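Colleague: As input, take run.pdb (PDB, C-alpha atoms):
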ATOM      1  CA  MET A 133       6.259   7.051  35.718
ATOM      2  CA  THR A 134       3.835   5.109  33.513
ATOM      3  CA  LEU A 135       4.539   4.357  29.855
ATOM      4  CA  GLN A 136       1.841   6.846  28.882
ATOM      5  CA  GLU A 137       3.379   9.569  31.057
ATOM      6  CA  GLN A 138       6.847   8.915  29.631
ATOM      7  CA  LEU A 139       5.596   9.036  26.030
ATOM      8  CA  THR A 140       3.775  12.302  26.742
ATOM      9  CA  LYS A 141       6.802  13.823  28.496
ATOM     10  CA  ASP A 142       9.638  12.794  26.179
ATOM     11  CA  GLY A 143       8.061  11.366  23.023
ATOM     12  CA  PHE A 144       9.710   7.946  23.313
ATOM     13  CA  VAL A 145       9.770   4.824  25.483
ATOM     14  CA  HIS A 146      12.392   2.038  25.504
ATOM     15  CA  ILE A 147      11.025  -1.405  26.424
ATOM     16  CA  GLU A 148      13.638  -4.138  26.753
ATOM     17  CA  GLY A 149      12.864  -7.702  25.669
ATOM     18  CA  PHE A 150       9.505  -6.879  24.089
ATOM     19  CA  LEU A 151       9.736  -9.910  21.777
ATOM     20  CA  ASP A 152      10.889 -13.432  22.582
ATOM     21  CA  VAL A 153      13.288 -15.451  20.415
ATOM     22  CA  ARG A 154      10.490 -17.248  18.560
ATOM     23  CA  GLU A 155       8.791 -13.978  17.643
ATOM     24  CA  ILE A 156      12.088 -12.452  16.543
ATOM     25  CA  ASP A 157      12.790 -15.433  14.273
ATOM     26  CA  TYR A 158       9.308 -15.195  12.767
ATOM     27  CA  LEU A 159       9.676 -11.493  12.003
ATOM     28  CA  LEU A 160      13.111 -12.065  10.479
ATOM     29  CA  GLU A 161      11.543 -14.628   8.138
ATOM     30  CA  PHE A 162       8.695 -12.210   7.459
ATOM     31  CA  SER A 163      11.142  -9.412   6.632
ATOM     32  CA  ASN A 164      13.210 -11.626   4.332
ATOM     33  CA  SER A 165      10.069 -12.570   2.387
ATOM     34  CA  ILE A 166       9.267  -8.960   1.521
ATOM     35  CA  GLY A 167      12.370  -7.898  -0.396
ATOM     36  CA  HIS A 168      14.356  -4.756   0.156
ATOM     37  CA  GLY A 169      14.651  -1.176  -0.993
ATOM     38  CA  THR A 170      11.107  -0.533  -2.244
ATOM     39  CA  GLY A 171       8.337   1.816  -1.257
ATOM     40  CA  ALA A 172       8.770   4.218   1.612
ATOM     41  CA  GLY A 173      11.903   6.277   1.850
ATOM     42  CA  TYR A 174      13.427   9.523   3.041
ATOM     43  CA  LEU A 175      13.131  12.469   0.638
ATOM     44  CA  GLY A 176      13.143  10.214  -2.395
ATOM     45  CA  ARG A 177      15.912   7.853  -1.254
ATOM     46  CA  ARG A 178      14.597   4.294  -1.436
ATOM     47  CA  LEU A 179      16.604   2.905   1.472
ATOM     48  CA  VAL A 180      13.571   1.600   3.310
ATOM     49  CA  THR A 181      11.382  -1.398   2.547
ATOM     50  CA  ALA A 182       7.685  -0.594   2.831
ATOM     51  CA  ILE A 183       5.276  -3.061   4.422
ATOM     52  CA  ASP A 184       1.979  -1.939   2.916
ATOM     53  CA  ASP A 185       0.021  -4.731   4.609
ATOM     54  CA  PRO A 186       1.267  -5.191   8.205
ATOM     55  CA  SER A 187      -1.652  -7.509   9.009
ATOM     56  CA  GLY A 188       0.585 -10.473   8.132
ATOM     57  CA  ILE A 189       2.583  -9.971  11.318
ATOM     58  CA  THR A 190       2.175 -12.968  13.625
ATOM     59  CA  ALA A 191      -0.812 -12.965  15.991
ATOM     60  CA  SER A 192       1.251 -13.094  19.201
ATOM     61  CA  VAL A 193       3.124  -9.930  18.217
ATOM     62  CA  GLN A 194      -0.123  -8.206  17.282
ATOM     63  CA  GLU A 195      -1.599  -9.111  20.679
ATOM     64  CA  LYS A 196       1.405  -7.588  22.443
ATOM     65  CA  ILE A 197       1.021  -4.466  20.334
ATOM     66  CA  LYS A 198      -2.693  -4.229  21.165
ATOM     67  CA  GLN A 199      -1.984  -4.435  24.897
ATOM     68  CA  LEU A 200       0.765  -1.836  24.556
ATOM     69  CA  GLN A 201      -1.656   0.500  22.786
ATOM     70  CA  ILE A 202      -4.110   0.157  25.678
ATOM     71  CA  ASP A 203      -1.305   1.034  28.106
ATOM     72  CA  LEU A 204      -0.235   4.050  26.031
ATOM     73  CA  PHE A 205      -3.544   5.448  24.795
ATOM     74  CA  GLY A 206      -6.386   3.517  26.412
ATOM     75  CA  TYR A 207      -7.682   2.168  23.083
ATOM     76  CA  HIS A 208      -6.622   0.081  20.078
ATOM     77  CA  MET A 209      -4.817   1.803  17.220
ATOM     78  CA  THR A 210      -5.047   1.138  13.476
ATOM     79  CA  LEU A 211      -2.097  -0.581  11.801
ATOM     80  CA  THR A 212      -0.858   1.460   8.847
ATOM     81  CA  GLN A 213       2.040   1.319   6.376
ATOM     82  CA  SER A 214       5.064  -0.067   8.180
ATOM     83  CA  ALA A 215       8.681  -0.526   7.137
ATOM     84  CA  LEU A 216      11.974  -2.373   7.459
ATOM     85  CA  PHE A 217      15.184  -0.513   8.235
ATOM     86  CA  SER A 218      18.537  -2.158   7.567
ATOM     87  CA  VAL A 219      22.118  -1.105   8.206
ATOM     88  CA  ASP A 220      25.074  -2.808   6.539
ATOM     89  CA  PRO A 221      28.506  -1.313   7.331
ATOM     90  CA  ASP A 222      29.818  -2.830   4.097
ATOM     91  CA  ALA A 223      27.172  -1.030   2.030
ATOM     92  CA  PRO A 224      26.663   2.353   3.729
ATOM     93  CA  GLU A 225      25.141   3.995   0.655
ATOM     94  CA  GLN A 226      22.365   1.387   0.612
ATOM     95  CA  SER A 227      21.757   1.581   4.364
ATOM     96  CA  ALA A 228      19.582   3.761   6.557
ATOM     97  CA  ASN A 229      21.503   6.869   7.602
ATOM     98  CA  PHE A 230      19.045   9.679   8.259
ATOM     99  CA  PRO A 231      19.860  13.093   9.809
ATOM    100  CA  PHE A 232      17.713  14.720  12.491
ATOM    101  CA  HIS A 233      14.172  14.886  11.129
ATOM    102  CA  GLN A 234      10.489  14.403  11.850
ATOM    103  CA  GLU A 235       8.631  11.802   9.767
ATOM    104  CA  HIS A 236       7.569  12.965   6.320
ATOM    105  CA  GLY A 237       5.341  10.391   4.598
ATOM    106  CA  SER A 238       3.021   9.730   7.527
ATOM    107  CA  PHE A 239       2.488  13.450   8.066
ATOM    108  CA  TYR A 240       1.633  14.018   4.398
ATOM    109  CA  ASP A 241      -0.679  11.009   4.526
ATOM    110  CA  LEU A 242      -2.453  11.446   7.859
ATOM    111  CA  GLY A 243      -1.704  14.971   9.069
ATOM    112  CA  GLU A 244      -1.518  13.647  12.654
ATOM    113  CA  HIS A 245       1.546  12.822  14.746
ATOM    114  CA  LEU A 246       0.487  13.167  18.380
ATOM    115  CA  ARG A 247      -1.590   9.990  18.102
ATOM    116  CA  TYR A 248       0.680   8.211  15.652
ATOM    117  CA  THR A 249       3.383   5.810  16.833
ATOM    118  CA  ASN A 250       6.408   4.158  15.310
ATOM    119  CA  LEU A 251       6.969   0.846  17.114
ATOM    120  CA  TYR A 252      10.614   0.293  16.251
ATOM    121  CA  ILE A 253      11.694  -3.272  17.048
ATOM    122  CA  VAL A 254      15.253  -4.529  16.580
ATOM    123  CA  LEU A 255      15.339  -8.024  15.089
ATOM    124  CA  ASP A 256      19.052  -8.551  14.572
ATOM    125  CA  LYS A 257      22.016  -6.498  15.798
ATOM    126  CA  ALA A 258      25.481  -7.632  16.819
ATOM    127  CA  GLU A 259      26.437  -4.704  19.075
ATOM    128  CA  THR A 260      24.084  -3.073  21.561
ATOM    129  CA  ALA A 261      25.968   0.236  21.542
ATOM    130  CA  GLU A 262      25.992   0.756  17.760
ATOM    131  CA  SER A 263      23.515   1.349  14.887
ATOM    132  CA  ASN A 264      20.782   2.670  17.169
ATOM    133  CA  VAL A 265      18.318   5.559  16.881
ATOM    134  CA  THR A 266      19.217   8.904  18.452
ATOM    135  CA  VAL A 267      16.274  10.957  19.739
ATOM    136  CA  ILE A 268      15.615  14.445  21.110
ATOM    137  CA  PRO A 269      13.483  14.204  24.293
ATOM    138  CA  PHE A 270      10.695  16.772  24.200
ATOM    139  CA  SER A 271      11.215  17.647  27.871
ATOM    140  CA  GLU A 272      14.824  18.610  27.162
ATOM    141  CA  LEU A 273      13.929  20.521  24.005
ATOM    142  CA  ALA A 274      11.348  22.528  25.960
ATOM    143  CA  ARG A 275      13.999  23.340  28.559
ATOM    144  CA  ILE A 276      16.657  24.694  26.196
ATOM    145  CA  GLU A 277      14.535  26.164  23.367
ATOM    146  CA  PRO A 278      10.808  26.582  24.091
ATOM    147  CA  ASP A 279      10.030  28.176  20.710
ATOM    148  CA  LEU A 280      11.487  25.235  18.782
ATOM    149  CA  HIS A 281       9.654  22.844  21.094
ATOM    150  CA  GLU A 282       6.374  24.593  20.286
ATOM    151  CA  LEU A 283       7.049  24.216  16.546
ATOM    152  CA  ALA A 284       7.965  20.544  16.866
ATOM    153  CA  VAL A 285       5.111  19.203  19.019
ATOM    154  CA  GLY A 286       2.560  17.471  16.817
ATOM    155  CA  ALA A 287       4.472  18.346  13.658
ATOM    156  CA  GLY A 288       6.155  16.331  10.922
ATOM    157  CA  ALA A 289       7.907  16.607   7.552
ATOM    158  CA  ALA A 290      10.817  18.627   8.924
ATOM    159  CA  ARG A 291      14.620  18.473   8.816
ATOM    160  CA  TYR A 292      17.051  19.896  11.358
ATOM    161  CA  THR A 293      20.553  20.796  10.266
ATOM    162  CA  ALA A 294      23.171  23.480  10.975
ATOM    163  CA  GLY A 295      20.874  25.460  13.256
ATOM    164  CA  MET A 296      18.002  25.476  10.772
ATOM    165  CA  ARG A 297      14.587  23.814  10.810
ATOM    166  CA  PHE A 298      13.311  23.170   7.293
ATOM    167  CA  ASP A 299       9.550  22.620   7.103
ATOM    168  CA  ASP A 300       9.056  20.281   4.137
ATOM    169  CA  ASN A 301       5.286  20.670   4.299
ATOM    170  CA  THR A 302       5.152  24.428   3.756
ATOM    171  CA  GLY A 303       8.612  25.101   2.333
ATOM    172  CA  SER A 304       9.395  27.543   5.140
ATOM    173  CA  TYR A 305      12.387  27.530   7.487
ATOM    174  CA  VAL A 306      13.499  29.054  10.771
ATOM    175  CA  SER A 307      16.803  29.272  12.601
ATOM    176  CA  PHE A 308      17.374  28.067  16.154
ATOM    177  CA  ARG A 309      20.167  28.348  18.707
ATOM    178  CA  ALA A 310      19.851  25.005  20.472
ATOM    179  CA  ASP A 311      22.606  22.406  20.166
ATOM    180  CA  LEU A 312      20.480  19.323  19.563
ATOM    181  CA  GLU A 313      23.403  16.964  20.097
ATOM    182  CA  SER A 314      23.842  18.307  23.639
ATOM    183  CA  ILE A 315      20.425  16.943  24.664
ATOM    184  CA  ALA A 316      20.246  13.923  22.356
ATOM    185  CA  GLN A 317      19.788  10.451  23.837
ATOM    186  CA  THR A 318      20.571   7.114  22.208
ATOM    187  CA  PRO A 319      18.730   4.151  23.764
ATOM    188  CA  GLN A 320      20.914   1.036  23.664
ATOM    189  CA  LEU A 321      18.896  -1.516  21.712
ATOM    190  CA  SER A 322      19.332  -5.276  21.513
ATOM    191  CA  ALA A 323      17.410  -7.832  19.455
ATOM    192  CA  GLY A 324      13.833  -7.986  20.741
ATOM    193  CA  ASP A 325      13.867  -4.497  22.247
ATOM    194  CA  LEU A 326      11.114  -2.034  21.362
ATOM    195  CA  LEU A 327      11.571   1.702  20.970
ATOM    196  CA  VAL A 328       8.194   3.452  20.903
ATOM    197  CA  LEU A 329       8.522   6.734  19.023
ATOM    198  CA  ARG A 330       5.727   9.274  18.954
ATOM    199  CA  GLY A 331       5.199  10.455  15.388
ATOM    200  CA  ASP A 332       6.486  13.964  16.030
ATOM    201  CA  ILE A 333       9.762  13.102  17.765
ATOM    202  CA  ILE A 334      12.976  14.469  16.258
ATOM    203  CA  HIS A 335      15.344  11.576  15.585
ATOM    204  CA  ARG A 336      18.233  10.354  13.440
ATOM    205  CA  THR A 337      20.309   7.268  12.706
ATOM    206  CA  GLN A 338      23.055   6.924  15.345
ATOM    207  CA  ASN A 339      25.695   5.389  13.062
ATOM    208  CA  GLN A 340      26.310   2.537  10.619
ATOM    209  CA  LYS A 341      28.955   0.665  12.602
ATOM    210  CA  CYS A 342      27.264  -2.732  12.827
ATOM    211  CA  ARG A 343      24.778  -4.751  10.820
ATOM    212  CA  ARG A 344      21.197  -4.227  11.947
ATOM    213  CA  THR A 345      17.698  -5.235  10.885
ATOM    214  CA  ALA A 346      14.688  -3.568  12.475
ATOM    215  CA  ILE A 347      10.979  -3.567  11.766
ATOM    216  CA  SER A 348       8.995  -0.380  12.198
ATOM    217  CA  ILE A 349       5.314  -1.061  12.877
ATOM    218  CA  ARG A 350       3.259   2.098  12.461
ATOM    219  CA  THR A 351      -0.075   2.742  14.183
ATOM    220  CA  VAL A 352      -2.490   5.660  14.236
ATOM    221  CA  ALA A 353      -5.598   6.484  16.251
ATOM    222  CA  PRO A 354      -8.552   5.130  14.221
ATOM    223  CA  ASP A 355     -10.612   8.328  14.475
ATOM    224  CA  VAL A 356      -7.923  10.658  13.096
ATOM    225  CA  GLU A 357      -9.521  12.768  10.359
ATOM    226  CA  CYS A 358      -7.728  12.544   6.995
ATOM    227  CA  HIS A 359      -8.338  14.925   4.097
ATOM    228  CA  ARG A 360      -8.134  14.131   0.406
ATOM    229  CA  ASN A 361      -6.658  17.469  -0.615
ATOM    230  CA  VAL A 362      -3.110  17.477   0.710
ATOM    231  CA  PHE A 363      -2.044  20.300  -1.618
ATOM    232  CA  ASP A 364      -3.636  23.290   0.138
ATOM    233  CA  ILE A 365      -0.208  23.594   1.717
ATOM    234  CA  CYS A 366       2.610  22.507  -0.547
ATOM    235  CA  CYS A 367       6.262  22.928  -1.520
ATOM    236  CA  GLY A 368       8.779  21.394  -3.914
ATOM    237  CA  THR A 369      10.161  18.932  -1.388
ATOM    238  CA  LYS A 370       6.686  17.639  -0.593
ATOM    239  CA  LEU A 371       5.892  17.132  -4.285
ATOM    240  CA  ALA A 372       9.214  15.350  -4.865
ATOM    241  CA  PHE A 373       8.576  13.043  -1.916
ATOM    242  CA  MET A 374       5.093  12.146  -3.105
ATOM    243  CA  LEU A 375       6.327  11.581  -6.660
ATOM    244  CA  GLY A 376       8.908   9.193  -5.244
ATOM    245  CA  ASP A 377       6.068   7.186  -3.694
ATOM    246  CA  SER A 378       3.367   7.998  -6.248
ATOM    247  CA  LYS A 379       1.807   4.534  -6.082
ATOM    248  CA  TYR A 380       1.091   4.921  -2.359
ATOM    249  CA  PHE A 381      -0.239   8.472  -2.575
ATOM    250  CA  GLY A 382      -2.027   7.850  -5.874
ATOM    251  CA  THR A 383      -3.814   4.884  -4.310
ATOM    252  CA  ARG A 384      -4.722   7.099  -1.367
ATOM    253  CA  ASP A 385      -6.297   9.629  -3.725
ATOM    254  CA  PHE A 386      -8.193   6.858  -5.549
ATOM    255  CA  ILE A 387      -9.718   5.659  -2.271
ATOM    256  CA  PHE A 388     -11.116   9.121  -1.637
ATOM    257  CA  GLU A 389     -12.444   9.491  -5.185
ATOM    258  CA  ASP A 390     -13.978   6.014  -5.224
ATOM    259  CA  SER A 391     -15.742   6.675  -1.911
ATOM    260  CA  GLY A 392     -17.037  10.088  -2.944
ATOM    261  CA  LEU A 393     -15.655  11.516   0.302
ATOM    262  CA  GLU A 394     -13.288  14.430   0.845
ATOM    263  CA  THR A 395     -12.651  13.457   4.474
ATOM    264  CA  MET A 396     -12.466  10.054   6.165
ATOM    265  CA  THR A 397     -10.993   8.515   9.293
ATOM    266  CA  ALA A 398      -7.580   6.849   9.347
ATOM    267  CA  GLU A 399      -9.344   3.540   9.961
ATOM    268  CA  GLN A 400     -11.522   3.994   6.861
ATOM    269  CA  LEU A 401      -8.489   4.960   4.786
ATOM    270  CA  GLN A 402      -6.499   1.905   5.869
ATOM    271  CA  HIS A 403      -9.527  -0.335   5.272
ATOM    272  CA  GLY A 404      -9.641   1.001   1.716
ATOM    273  CA  ARG A 405      -5.942   0.277   1.252
ATOM    274  CA  ASN A 406      -6.301  -3.251   2.592
ATOM    275  CA  ALA A 407      -9.133  -3.957   0.141
ATOM    276  CA  LEU A 408      -7.101  -2.733  -2.837
ATOM    277  CA  MET A 409      -4.042  -4.803  -1.880
ATOM    278  CA  HIS A 410      -5.927  -7.987  -2.654
ATOM    279  CA  LEU A 411      -6.986  -6.969  -6.148
ATOM    280  CA  THR A 412      -5.522  -9.105  -8.927
ATOM    281  CA  GLU A 413      -5.170  -8.214 -12.583
ATOM    282  CA  PRO A 414      -7.172  -8.015 -14.700
ATOM    283  CA  THR A 415     -10.194  -6.470 -13.009
ATOM    284  CA  ASP A 416     -12.027  -3.259 -13.771
ATOM    285  CA  LYS A 417     -11.134  -1.743 -10.396
ATOM    286  CA  ALA A 418      -7.460  -2.717 -10.680
ATOM    287  CA  THR A 419      -7.354  -1.024 -14.078
ATOM    288  CA  ARG A 420      -9.010   2.093 -12.670
ATOM    289  CA  VAL A 421      -6.529   2.193  -9.785
ATOM    290  CA  ALA A 422      -3.566   1.956 -12.172
ATOM    291  CA  GLU A 423      -4.988   4.699 -14.393
ATOM    292  CA  HIS A 424      -5.665   6.907 -11.385
ATOM    293  CA  ILE A 425      -2.111   6.480 -10.081
ATOM    294  CA  SER A 426      -0.753   7.451 -13.502
ATOM    295  CA  ALA A 427      -2.983  10.534 -13.664
ATOM    296  CA  PHE A 428      -2.108  11.470 -10.081
ATOM    297  CA  SER A 429       1.608  11.221 -10.871
ATOM    298  CA  ALA A 430       1.125  13.436 -13.938
ATOM    299  CA  LYS A 431      -0.699  15.972 -11.756
ATOM    300  CA  LEU A 432       2.219  16.039  -9.309
ATOM    301  CA  GLN A 433       4.687  16.496 -12.158
ATOM    302  CA  GLY A 434       2.629  19.400 -13.507
ATOM    303  CA  MET A 435       2.546  21.058 -10.098
ATOM    304  CA  GLN A 436       6.277  20.512  -9.738
ATOM    305  CA  LYS A 437       6.988  22.194 -13.091
ATOM    306  CA  SER A 438       4.776  25.133 -12.134
ATOM    307  CA  LEU A 439       6.655  25.606  -8.870
ATOM    308  CA  GLN A 440      10.007  25.406 -10.651
ATOM    309  CA  ALA A 441       8.874  27.958 -13.236
ATOM    310  CA  ALA A 442       7.661  30.304 -10.498
ATOM    311  CA  ALA A 443      11.000  29.975  -8.687
ATOM    312  CA  ARG A 444      12.845  30.980 -11.859
ATOM    313  CA  GLY A 445      10.696  34.094 -12.055
TER     314      GLY A 445
END
Produce C-alpha cells that represent the structure in this file.

Modeller:
Amino acid sequence: MTLQEQLTKDGFVHIEGFLDVREIDYLLEFSNSIGHGTGAGYLGRRLVTAIDDPSGITASVQEKIKQLQIDLFGYHMTLTQSALFSVDPDAPEQSANFPFHQEHGSFYDLGEHLRYTNLYIVLDKAETAESNVTVIPFSELARIEPDLHELAVGAGAARYTAGMRFDDNTGSYVSFRADLESIAQTPQLSAGDLLVLRGDIIHRTQNQKCRRTAISIRTVAPDVECHRNVFDICCGTKLAFMLGDSKYFGTRDFIFEDSGLETMTAEQLQHGRNALMHLTEPTDKATRVAEHISAFSAKLQGMQKSLQAAARG
C-alpha cells in the first residue's frame, strides 16, 4: 500500500526515522528559540506554542516535506501556522493532554481538512511506548459506525466524549454507539519519527507519562478556497476559541479587508500573513492591523454577549 493509499484509507501514516540526528538537533534549537505557551491552543487553553512563520524551518527538512507532499498528494502544499506540543509529567496542567477531537483552529481558518495535513514529528522523547498520539483509523470507524464515519470525514472542530459528538462549528451534537477506544491505535513514536495526520482524523493525547517535545508542521493545498465570513455558521464555543486567539483571526480578517476580497486561496491567505509578520512598529499598516484586531475582538465579544443573552431567553 502506498503512503497516499494509506492516508486515504485510515487518515494517518507513521514514517520511522524521517529526520536524522542533525535535523532533530536543529529543530530542538528552533523550538527553544520560540518560547512556550503562546498562540494556538485547544478550546482556549494555551498549552500549545504557535509557530506563525514556519518558513524558518531548516531547508533540508523543508525539502523532505516537499517530497513527502508529492508522494501523498502529487503537488506541493502551502506551509501554514504550525505548533509545538510538549509533555512534562512533572507539570501535567501545563502539558498537552487533549481528549478525542478533530482540529478546531485550522477548520475555522481554512474550512478544509481533506487536503490539510498535520506533520507531527517527535524531537525528544525518552520512552517509545509513552506520550504518543492515539488515533481512530477511518477504515475502522466506517466498519463499526458508518453514520459517525460519514459525519467525521472532511470535518473539524468537534469533540468526542461519553458517546457524544459535539460539533463546535455549529453548536449541534449527536450521540453514537461506537466504543472509540476499541478501535483506537497508538503508533509508537521515537525521536525523528513522523506521524502524518490528515486534518479530519479523530485523535487524542495518549498519556503524560514521559517528557516529550514534538513539532507539528501544518500544510494545506494551495488552491483551497477560504472565505472571509466565518460567522455564517457559529456557536459559543467557536466564538470563545477565536477570542482566545483573536490576534490570529483578527489578522486573517484584516488580510481580507485590505485585499478587498471576500474569498481567496489558502496560498494567498498565507502570503498575506507572511507579509504582515515582517512589519515593525511604527508603520501605518502595523497601526491599522492593531486597530483592526482590536475591533475584530470587540465584534466577537458583542456576538458572544448576544448568544449568551439569547440562551438566557

Colleague: Leaving out Phe381 in chain A and any residue of its chain fewer than 6 positions from it, which residues lie within 9 Å of it when counting all atoms listed in the file, given as a PyMOL selection string?

Modeller: chain A and resi 241+374-375+425+428-429

Colleague: Please evaluate the PyMOL selection byres ((chain A and resi 290-295) around 12) against the structure above and give the resulting residues as an NGL selection string.

Modeller: :A and (174-175 or 230-240 or 268 or 277 or 280 or 283-289 or 296-313 or 331-336 or 369-370)

Colleague: Selected residues, C-alpha atoms, written as a tab-separated table (two decimals), keeping the file's coordinate frame, please.

Modeller:
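Now in selection36.tsv:
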chain	number	residue	atom	x	y	z
A	174	TYR	CA	13.43	9.52	3.04
A	175	LEU	CA	13.13	12.47	0.64
A	230	PHE	CA	19.05	9.68	8.26
A	231	PRO	CA	19.86	13.09	9.81
A	232	PHE	CA	17.71	14.72	12.49
A	233	HIS	CA	14.17	14.89	11.13
A	234	GLN	CA	10.49	14.40	11.85
A	235	GLU	CA	8.63	11.80	9.77
A	236	HIS	CA	7.57	12.96	6.32
A	237	GLY	CA	5.34	10.39	4.60
A	238	SER	CA	3.02	9.73	7.53
A	239	PHE	CA	2.49	13.45	8.07
A	240	TYR	CA	1.63	14.02	4.40
A	268	ILE	CA	15.62	14.44	21.11
A	277	GLU	CA	14.54	26.16	23.37
A	280	LEU	CA	11.49	25.24	18.78
A	283	LEU	CA	7.05	24.22	16.55
A	284	ALA	CA	7.96	20.54	16.87
A	285	VAL	CA	5.11	19.20	19.02
A	286	GLY	CA	2.56	17.47	16.82
A	287	ALA	CA	4.47	18.35	13.66
A	288	GLY	CA	6.16	16.33	10.92
A	289	ALA	CA	7.91	16.61	7.55
A	296	MET	CA	18.00	25.48	10.77
A	297	ARG	CA	14.59	23.81	10.81
A	298	PHE	CA	13.31	23.17	7.29
A	299	ASP	CA	9.55	22.62	7.10
A	300	ASP	CA	9.06	20.28	4.14
A	301	ASN	CA	5.29	20.67	4.30
A	302	THR	CA	5.15	24.43	3.76
A	303	GLY	CA	8.61	25.10	2.33
A	304	SER	CA	9.40	27.54	5.14
A	305	TYR	CA	12.39	27.53	7.49
A	306	VAL	CA	13.50	29.05	10.77
A	307	SER	CA	16.80	29.27	12.60
A	308	PHE	CA	17.37	28.07	16.15
A	309	ARG	CA	20.17	28.35	18.71
A	310	ALA	CA	19.85	25.00	20.47
A	311	ASP	CA	22.61	22.41	20.17
A	312	LEU	CA	20.48	19.32	19.56
A	313	GLU	CA	23.40	16.96	20.10
A	331	GLY	CA	5.20	10.46	15.39
A	332	ASP	CA	6.49	13.96	16.03
A	333	ILE	CA	9.76	13.10	17.76
A	334	ILE	CA	12.98	14.47	16.26
A	335	HIS	CA	15.34	11.58	15.58
A	336	ARG	CA	18.23	10.35	13.44
A	369	THR	CA	10.16	18.93	-1.39
A	370	LYS	CA	6.69	17.64	-0.59

Colleague: Within 12 Å of Thr212 in chain A, counting all atoms listed in the file, which residues show up once you throw out same-chain ones fewer than 5 positions away? Write them as a PyMOL selection string, please.

Modeller: chain A and resi 182-187+237-238+241-242+248-251+348-354+380+398-406

Colleague: Interatomic distance between CA of Asn164 in chain A and CA of Glu195 in chain A?

Modeller: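 About the pair CA of Asn164 in chain A and CA of Glu195 in chain A: they are 22.2 Å apart.
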
Colleague: For a test of reading the model, state the distance in Å between CA of Leu371 in chain A and CA of Val265 in chain A, rounded to one decimal.

Modeller: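 Between CA of Leu371 in chain A and CA of Val265 in chain A the gap works out to 27.1 Å.
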
Colleague: My list of candidates is A:Pro414, A:Gly368, A:Pro269, A:Gly382. Which is closest to Ala441 in chain A when distances are computed with only C-alpha atoms?

Modeller: A:Gly368

Colleague: So the first atom is CA of Asp416 in chain A and the second is CA of Ser391 in chain A; what is the distance between them in Å, to one decimal place?

Modeller: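 Rounded to one decimal, the two atoms are 15.9 Å apart.
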
Colleague: Report as lines of an AutoDock Vina configuration file the centre and the edge lengths, in Å to one decimal, of the axis-aligned box holding every listed atom of range 365-368 of chain A, padded by 5 Å on each side.

Modeller:
center_x = 4.3
center_y = 22.5
center_z = -1.1
size_x = 19.0
size_y = 12.2
size_z = 15.6

Colleague: May I ask which of the residues A:Leu439, A:Ile276, A:Leu255, A:Leu211 is the closest one to Ala372 in chain A, counting all atoms listed in the file?

Modeller: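 Closest to Ala372 in chain A of all the choices is A:Leu439.
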
Colleague: Compile the contact shell of Leu326 in chain A as a PyMOL selection string: residues with an atom at most 6 Å away, counting all atoms listed in the file, same-chain residues fewer than 6 positions apart removed.

Modeller: chain A and resi 146-147+150+252-253

Colleague: Which residues, named as in the file, does the PyMOL selection byres ((chain A and resi 324) around 10) pick out? Answer as a ChimeraX atom specification.

Modeller: /A:147-153,155-157,252-257,321-323,325-327,346

Colleague: Restricting the calculation to only C-alpha atoms, which member of A:Ser378, A:Gln440, A:Gln320, A:Gln138 is positioned closest to Ala427 in chain A?

Modeller: A:Ser378

Colleague: Give me the result of the PyMOL selection byres ((chain A and resi 344) around 7) on this file, residue by residue, as JSON, numbers by chain.

Modeller: {"A": [218, 219, 220, 256, 257, 263, 342, 343, 345, 346]}

Colleague: Have a look at A:Ser314, A:Pro278, A:Lys341, A:Asp142 and name the one nearest to Thr260 in chain A; count only C-alpha atoms.

Modeller: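 Of A:Ser314, A:Pro278, A:Lys341, A:Asp142, the one nearest Thr260 in chain A, counting only C-alpha atoms, is A:Lys341.
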
Colleague: From the list A:Leu139, A:Ala422, A:Leu200, A:Ala191, which residue is nearest Leu246 in chain A when using all atoms listed in the file?

Modeller: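 Smallest separation from Leu246 in chain A among the options: A:Leu139.
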
Colleague: Compare A:Ala258, A:Gln340, A:Lys141, A:Pro319 by their minimum atom-to-atom distance to Arg275 in chain A, counting all atoms listed in the file, and give me the closest one.

Modeller: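 Smallest distance to Arg275 in chain A is found for A:Lys141.
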
Colleague: For Thr140 in chain A, list every protein, DNA or RNA residue within 10 Å, evaluated using all atoms listed in the file, and leave out those in the same chain fewer than 2 positions away; present the list as a PDB file with C-alpha atoms, in the frame of the given file.

Modeller:
ATOM      1  CA  THR A 134       3.835   5.109  33.513  1.00  0.00           C
ATOM      2  CA  LEU A 135       4.539   4.357  29.855  1.00  0.00           C
ATOM      3  CA  GLN A 136       1.841   6.846  28.882  1.00  0.00           C
ATOM      4  CA  GLU A 137       3.379   9.569  31.057  1.00  0.00           C
ATOM      5  CA  GLN A 138       6.847   8.915  29.631  1.00  0.00           C
ATOM      6  CA  ASP A 142       9.638  12.794  26.179  1.00  0.00           C
ATOM      7  CA  GLY A 143       8.061  11.366  23.023  1.00  0.00           C
ATOM      8  CA  PHE A 144       9.710   7.946  23.313  1.00  0.00           C
ATOM      9  CA  VAL A 145       9.770   4.824  25.483  1.00  0.00           C
ATOM     10  CA  LEU A 204      -0.235   4.050  26.031  1.00  0.00           C
ATOM     11  CA  LEU A 246       0.487  13.167  18.380  1.00  0.00           C
ATOM     12  CA  PHE A 270      10.695  16.772  24.200  1.00  0.00           C
ATOM     13  CA  SER A 271      11.215  17.647  27.871  1.00  0.00           C
ATOM     14  CA  ARG A 330       5.727   9.274  18.954  1.00  0.00           C
TER      15      ARG A 330
END
